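Have a look at model_6.pdb; it's PDB, C-alpha atoms, pLDDT in the B column:
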```
ATOM      1  CA  MET A  21       0.043  21.073   7.312  1.00 60.00           C
ATOM      2  CA  MET A  22       0.412  18.583   4.436  1.00 72.00           C
ATOM      3  CA  PRO A  23       1.785  20.579   1.487  1.00 77.00           C
ATOM      4  CA  ASN A  24       1.652  17.704  -1.025  1.00 80.00           C
ATOM      5  CA  ARG A  25      -1.741  16.356  -0.002  1.00 79.00           C
ATOM      6  CA  GLN A  26      -3.658  17.891  -2.906  1.00 81.00           C
ATOM      7  CA  ARG A  27      -1.184  16.467  -5.419  1.00 82.00           C
ATOM      8  CA  MET A  28      -1.665  12.994  -3.924  1.00 82.00           C
ATOM      9  CA  THR A  29      -5.418  13.068  -3.260  1.00 83.00           C
ATOM     10  CA  GLY A  30      -6.779  15.704  -5.605  1.00 84.00           C
ATOM     11  CA  ASP A  31      -9.688  17.905  -4.580  1.00 84.00           C
ATOM     12  CA  PHE A  32     -12.196  16.336  -2.243  1.00 83.00           C
ATOM     13  CA  GLU A  33     -14.886  17.340   0.191  1.00 85.00           C
ATOM     14  CA  VAL A  34     -15.722  15.609   3.454  1.00 85.00           C
ATOM     15  CA  LEU A  35     -19.458  14.850   3.245  1.00 89.00           C
ATOM     16  CA  GLY A  36     -20.049  13.436   6.705  1.00 88.00           C
ATOM     17  CA  PRO A  37     -18.522  12.893  10.079  1.00 88.00           C
ATOM     18  CA  VAL A  38     -15.123  11.239  10.140  1.00 82.00           C
ATOM     19  CA  LYS A  39     -15.390   7.790  11.720  1.00 78.00           C
ATOM     20  CA  ILE A  40     -12.524   6.795  13.938  1.00 73.00           C
ATOM     21  CA  ARG A  41     -12.093   3.094  14.520  1.00 67.00           C
ATOM     22  CA  PRO A  42     -10.013   2.410  17.587  1.00 62.00           C
ATOM     23  CA  ALA A  43      -7.601  -0.491  17.368  1.00 60.00           C
ATOM     24  CA  ASP A  44      -5.016  -2.121  19.566  1.00 60.00           C
ATOM     25  CA  LEU A  45      -1.601  -2.770  18.091  1.00 61.00           C
ATOM     26  CA  TYR A  46      -0.029  -6.076  18.981  1.00 66.00           C
ATOM     27  CA  VAL A  47       3.619  -6.935  18.483  1.00 67.00           C
ATOM     28  CA  ILE A  48       4.731 -10.518  18.986  1.00 72.00           C
ATOM     29  CA  GLU A  49       7.253 -11.274  21.730  1.00 77.00           C
ATOM     30  CA  GLY A  50       9.621 -14.208  22.025  1.00 78.00           C
ATOM     31  CA  HIS A  51      10.031 -14.386  18.261  1.00 72.00           C
ATOM     32  CA  ARG A  52      13.831 -14.620  18.209  1.00 76.00           C
ATOM     33  CA  GLN A  53      14.070 -18.368  17.776  1.00 77.00           C
ATOM     34  CA  ALA A  54      16.155 -20.508  15.481  1.00 78.00           C
ATOM     35  CA  GLY A  55      14.335 -21.327  12.253  1.00 78.00           C
ATOM     36  CA  ILE A  56      11.492 -18.824  12.775  1.00 75.00           C
ATOM     37  CA  VAL A  57      10.997 -15.566  10.911  1.00 72.00           C
ATOM     38  CA  VAL A  58       7.792 -13.655  11.588  1.00 71.00           C
ATOM     39  CA  ILE A  59       6.797 -10.903   9.141  1.00 69.00           C
ATOM     40  CA  GLY A  60       3.840  -8.695   8.315  1.00 67.00           C
ATOM     41  CA  ASP A  61       0.655  -9.181  10.290  1.00 64.00           C
ATOM     42  CA  ALA A  62       2.131 -12.198  12.031  1.00 66.00           C
ATOM     43  CA  PHE A  63       4.688  -9.870  13.653  1.00 63.00           C
ATOM     44  CA  ALA A  64       2.632  -6.746  14.351  1.00 65.00           C
ATOM     45  CA  THR A  65      -1.051  -6.260  13.748  1.00 65.00           C
ATOM     46  CA  SER A  66      -4.030  -4.350  14.969  1.00 63.00           C
ATOM     47  CA  CYS A  67      -6.652  -6.714  16.235  1.00 60.00           C
ATOM     48  CA  PRO A  68      -9.061  -7.057  19.128  1.00 52.00           C
ATOM     49  CA  ALA A  69      -7.500  -7.262  22.551  1.00 55.00           C
ATOM     50  CA  GLU A  70      -7.083 -10.606  24.236  1.00 57.00           C
ATOM     51  CA  GLY A  71      -9.845 -11.434  26.640  1.00 59.00           C
ATOM     52  CA  MET A  72     -12.538  -9.507  24.803  1.00 61.00           C
ATOM     53  CA  ALA A  73     -16.023 -10.875  24.812  1.00 67.00           C
ATOM     54  CA  VAL A  74     -16.977 -13.087  21.878  1.00 68.00           C
ATOM     55  CA  GLU A  75     -19.502 -10.476  20.728  1.00 72.00           C
ATOM     56  CA  LYS A  76     -16.824  -7.774  20.614  1.00 68.00           C
ATOM     57  CA  ASN A  77     -14.558 -10.037  18.551  1.00 67.00           C
ATOM     58  CA  ALA A  78     -17.456 -10.848  16.231  1.00 74.00           C
ATOM     59  CA  ASP A  79     -18.175  -7.132  15.820  1.00 78.00           C
ATOM     60  CA  PHE A  80     -14.555  -6.598  14.817  1.00 71.00           C
ATOM     61  CA  TYR A  81     -14.389  -9.448  12.307  1.00 74.00           C
ATOM     62  CA  ASP A  82     -17.863  -8.764  10.871  1.00 83.00           C
ATOM     63  CA  ASP A  83     -17.382  -5.006  10.478  1.00 84.00           C
ATOM     64  CA  ARG A  84     -18.496  -4.156   6.936  1.00 89.00           C
ATOM     65  CA  ILE A  85     -15.606  -1.785   6.284  1.00 87.00           C
ATOM     66  CA  LYS A  86     -13.073  -4.330   7.576  1.00 82.00           C
ATOM     67  CA  THR A  87     -14.540  -7.166   5.492  1.00 84.00           C
ATOM     68  CA  ALA A  88     -14.635  -4.943   2.400  1.00 89.00           C
ATOM     69  CA  SER A  89     -11.007  -3.956   2.991  1.00 86.00           C
ATOM     70  CA  ASP A  90     -10.016  -7.591   3.525  1.00 82.00           C
ATOM     71  CA  ALA A  91     -11.775  -8.625   0.297  1.00 87.00           C
ATOM     72  CA  TRP A  92     -10.111  -5.813  -1.653  1.00 88.00           C
ATOM     73  CA  SER A  93      -6.682  -6.685  -0.215  1.00 85.00           C
ATOM     74  CA  THR A  94      -7.106 -10.375  -1.045  1.00 85.00           C
ATOM     75  CA  ALA A  95      -8.231  -9.629  -4.610  1.00 90.00           C
ATOM     76  CA  LYS A  96      -5.320  -7.197  -5.065  1.00 90.00           C
ATOM     77  CA  ALA A  97      -2.829  -9.777  -3.758  1.00 88.00           C
ATOM     78  CA  TYR A  98      -4.065 -12.454  -6.171  1.00 90.00           C
ATOM     79  CA  HIS A  99      -4.104  -9.934  -9.031  1.00 92.00           C
ATOM     80  CA  LEU A 100      -0.487  -8.923  -8.371  1.00 90.00           C
ATOM     81  CA  LYS A 101       0.538 -12.562  -7.994  1.00 91.00           C
ATOM     82  CA  SER A 102      -0.969 -13.384 -11.394  1.00 93.00           C
ATOM     83  CA  LEU A 103       0.533 -10.247 -12.903  1.00 92.00           C
ATOM     84  CA  THR A 104       3.945 -11.353 -11.671  1.00 90.00           C
ATOM     85  CA  LEU A 105       3.846 -15.123 -12.122  1.00 91.00           C
ATOM     86  CA  ASP A 106       1.018 -16.272 -14.385  1.00 93.00           C
ATOM     87  CA  ASN A 107       2.284 -17.232 -17.832  1.00 94.00           C
ATOM     88  CA  SER A 108      -1.017 -17.233 -19.714  1.00 96.00           C
ATOM     89  CA  PRO A 109      -1.284 -14.964 -22.776  1.00 96.00           C
ATOM     90  CA  TYR A 110      -3.618 -12.607 -20.870  1.00 96.00           C
ATOM     91  CA  TRP A 111      -1.159 -11.989 -18.012  1.00 95.00           C
ATOM     92  CA  ARG A 112       1.834 -11.752 -20.348  1.00 96.00           C
ATOM     93  CA  ALA A 113      -0.073  -9.080 -22.285  1.00 96.00           C
ATOM     94  CA  GLN A 114      -0.831  -7.300 -18.997  1.00 95.00           C
ATOM     95  CA  ARG A 115       2.876  -7.263 -18.094  1.00 95.00           C
ATOM     96  CA  TRP A 116       3.897  -5.928 -21.515  1.00 95.00           C
ATOM     97  CA  THR A 117       1.197  -3.265 -21.389  1.00 95.00           C
ATOM     98  CA  ARG A 118       2.344  -2.076 -17.960  1.00 93.00           C
ATOM     99  CA  PHE A 119       5.957  -2.094 -19.119  1.00 93.00           C
ATOM    100  CA  LEU A 120       5.207  -0.053 -22.248  1.00 94.00           C
ATOM    101  CA  VAL A 121       3.023   2.456 -20.378  1.00 93.00           C
ATOM    102  CA  ARG A 122       5.702   3.017 -17.743  1.00 91.00           C
ATOM    103  CA  LEU A 123       8.421   3.231 -20.376  1.00 91.00           C
ATOM    104  CA  THR A 124       6.410   5.906 -22.187  1.00 90.00           C
ATOM    105  CA  GLN A 125       5.808   7.787 -18.930  1.00 88.00           C
ATOM    106  CA  ALA A 126       9.498   7.686 -18.052  1.00 87.00           C
ATOM    107  CA  ALA A 127      10.488   8.896 -21.511  1.00 85.00           C
ATOM    108  CA  SER A 128       8.032  11.794 -21.351  1.00 83.00           C
ATOM    109  CA  HIS A 129       9.372  12.867 -17.948  1.00 76.00           C
ATOM    110  CA  ALA A 130      13.059  12.437 -18.763  1.00 68.00           C
ATOM    111  CA  ALA A 131      15.231  15.270 -17.544  1.00 58.00           C
ATOM    112  CA  PRO A 132      17.102  17.398 -20.075  1.00 60.00           C
ATOM    113  CA  THR A 133      20.668  16.267 -20.665  1.00 59.00           C
ATOM    114  CA  HIS A 134      22.120  19.565 -19.375  1.00 60.00           C
ATOM    115  CA  GLN A 135      20.752  21.214 -16.257  1.00 60.00           C
ATOM    116  CA  ARG A 136      21.882  24.083 -14.091  1.00 61.00           C
ATOM    117  CA  PRO A 137      23.070  23.140 -10.633  1.00 59.00           C
ATOM    118  CA  PRO A 138      20.187  23.299  -8.134  1.00 60.00           C
ATOM    119  CA  TRP A 139      21.757  26.205  -6.225  1.00 61.00           C
ATOM    120  CA  GLY A 140      21.519  28.448  -9.295  1.00 56.00           C
ATOM    121  CA  HIS A 141      25.202  28.935 -10.154  1.00 57.00           C
ATOM    122  CA  THR A 142      26.619  28.032 -13.496  1.00 55.00           C
ATOM    123  CA  ALA A 143      29.510  25.615 -13.718  1.00 52.00           C
ATOM    124  CA  ARG A 144      32.907  27.192 -14.426  1.00 55.00           C
ATOM    125  CA  SER A 145      35.286  25.697 -16.964  1.00 48.00           C
TER     126      SER A 145
END
```

If you took the structure in this file and wrote it as structure tokens, what would it be?
Amino acid sequence: MMPNRQRMTGDFEVLGPVKIRPADLYVIEGHRQAGIVVIGDAFATSCPAEGMAVEKNADFYDDRIKTASDAWSTAKAYHLKSLTLDNSPYWRAQRWTRFLVRLTQAASHAAPTHQRPPWGHTARS
């Protein structure tokens, strides 16, 4: 069904029931206006439906998995911002380290200079 799943996720075992969290997807309407560009969650997001009871909204916003995900996403965003923009010695060292690691990875996975065509025939002179 998903032939590359194991390569992406590795081996794993489901230890309990899978929890499905229903969500409504909202897409903004009337956004084509001069001077306005709406992107990301401001354009389309899953969130509680309009008109829900206050308790239902509170359940959504206080959900422990949602708040943990929000906290992780916020921390990741600030980390990547610092990695990209911060000019302190620590963040400059982080950028150089990432660059050198990726350069080494690319060099170790470089393709040979001469390869056979993918269809298996050899090139004729």

- Do you have the CA of Arg115 in chain A-CA of Thr87 in chain A distance handy? 29.3 Å

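You will find CA of Lys86 in chain A at 21.9 Å from CA of Thr29 in chain A.
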
- Task: Might you pull out every residue within 12 Å of Trp111 in chain A, with only C-alpha atoms counted and same-chain residues fewer than 6 positions away left off, and present them as a PyMOL selection string?
- Result: chain A and resi 99-105+117-118

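With CA of Ala97 in chain A on one side and CA of Ile56 in chain A on the other, the separation reads 23.7 Å.
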